[in-house]
Every structure is written in C-alpha cells, then in structure tokens.
Amino acid sequence: MIRYKNGQYDIQINLKDFDFALHLDTILAWKKHLITILTAR
C-alpha cells in the first residue's frame, strides 16, 4: 500500500515474517528507490 500524506509517501509491504527477515535489505532498498521515483515526479 502506498499512502501520500502531508507531502510524504508511506509505503507498507505485507509479507510473511519469514520472507521479510530473509529479504529485509532488498525490501528496504526497493522502498527507498520507489520513494525516490515518486518524489521526483
């Protein structure tokens, strides 16, 4: 889910805890990249 509020994006990812733990670095990098793309527009 992506929410835009007060000039900022909030991204929530719903994953199983196990998947999240295995891929935390990748998920955080993806979220950062997505926010960069969204704010550049």
# chains A, B, ... in the order shown; residues from 1 in each chain; ligands from 1

call {"tool": "select_by_dssp", "arguments": {"residues": "chain A", "states": "helix (DSSP H, G or I)", "output": "list in words"}}
result
Asp17, Phe18, Asp19, Phe20, Ala21, Leu22, Leu24, Asp25, Thr26, Ile27, Leu28, Ala29, Trp30, Lys31, Lys32, His33, Leu34, Ile35, Thr36, Ile37, Leu38, Thr39 and Ala40 of chain A

call {"tool": "residues_around", "arguments": {"residues": "Ile11 (chain A)", "least_positions_apart": "6", "cutoff": "10 Å", "atoms": "only C-alpha atoms", "output": "ChimeraX atom specification"}}
result
/A:1-4,31-32,34-35

call {"tool": "write_last_selection", "arguments": {"atoms": "N, CA and C atoms", "output": "tab-separated table (two decimals), in the first residue's frame"}}
result
chain	number	residue	atom	x	y	z
A	1	MET	N	0.85	-1.16	0.00
A	1	MET	CA	0.00	0.00	0.00
A	1	MET	C	0.90	1.23	0.00
A	2	ILE	N	0.55	2.20	-0.82
A	2	ILE	CA	1.26	3.47	-0.85
A	2	ILE	C	0.28	4.56	-0.45
A	3	ARG	N	0.68	5.35	0.52
A	3	ARG	CA	-0.17	6.44	1.00
A	3	ARG	C	0.62	7.75	0.90
A	4	TYR	N	-0.04	8.79	0.40
A	4	TYR	CA	0.57	10.11	0.32
A	4	TYR	C	-0.13	11.00	1.34
A	31	LYS	N	11.98	0.02	-1.26
A	31	LYS	CA	11.13	1.10	-0.75
A	31	LYS	C	11.79	2.46	-0.94
A	32	LYS	N	13.09	2.54	-0.65
A	32	LYS	CA	13.82	3.80	-0.81
A	32	LYS	C	13.83	4.23	-2.28
A	34	LEU	N	11.67	3.37	-4.64
A	34	LEU	CA	10.31	3.73	-5.03
A	34	LEU	C	9.96	5.14	-4.56
A	35	ILE	N	10.31	5.48	-3.33
A	35	ILE	CA	10.05	6.83	-2.82
A	35	ILE	C	10.82	7.86	-3.63

call {"tool": "select_by_dssp", "arguments": {"residues": "chain A", "states": "strand (DSSP E)", "output": "mmCIF file with C-alpha atoms, in the first residue's frame"}}
result
data_model
loop_
_atom_site.group_PDB
_atom_site.id
_atom_site.type_symbol
_atom_site.label_atom_id
_atom_site.label_comp_id
_atom_site.auth_asym_id
_atom_site.auth_seq_id
_atom_site.Cartn_x
_atom_site.Cartn_y
_atom_site.Cartn_z
ATOM 1 C CA ILE A 2 1.259 3.473 -0.848
ATOM 2 C CA ARG A 3 -0.170 6.441 1.001
ATOM 3 C CA TYR A 4 0.571 10.115 0.325
ATOM 4 C CA LYS A 5 0.033 12.316 3.371
ATOM 5 C CA GLN A 8 5.346 12.415 2.137
ATOM 6 C CA TYR A 9 4.901 8.876 0.889
ATOM 7 C CA ASP A 10 4.335 5.988 3.282
ATOM 8 C CA ILE A 11 4.840 2.511 1.828
#
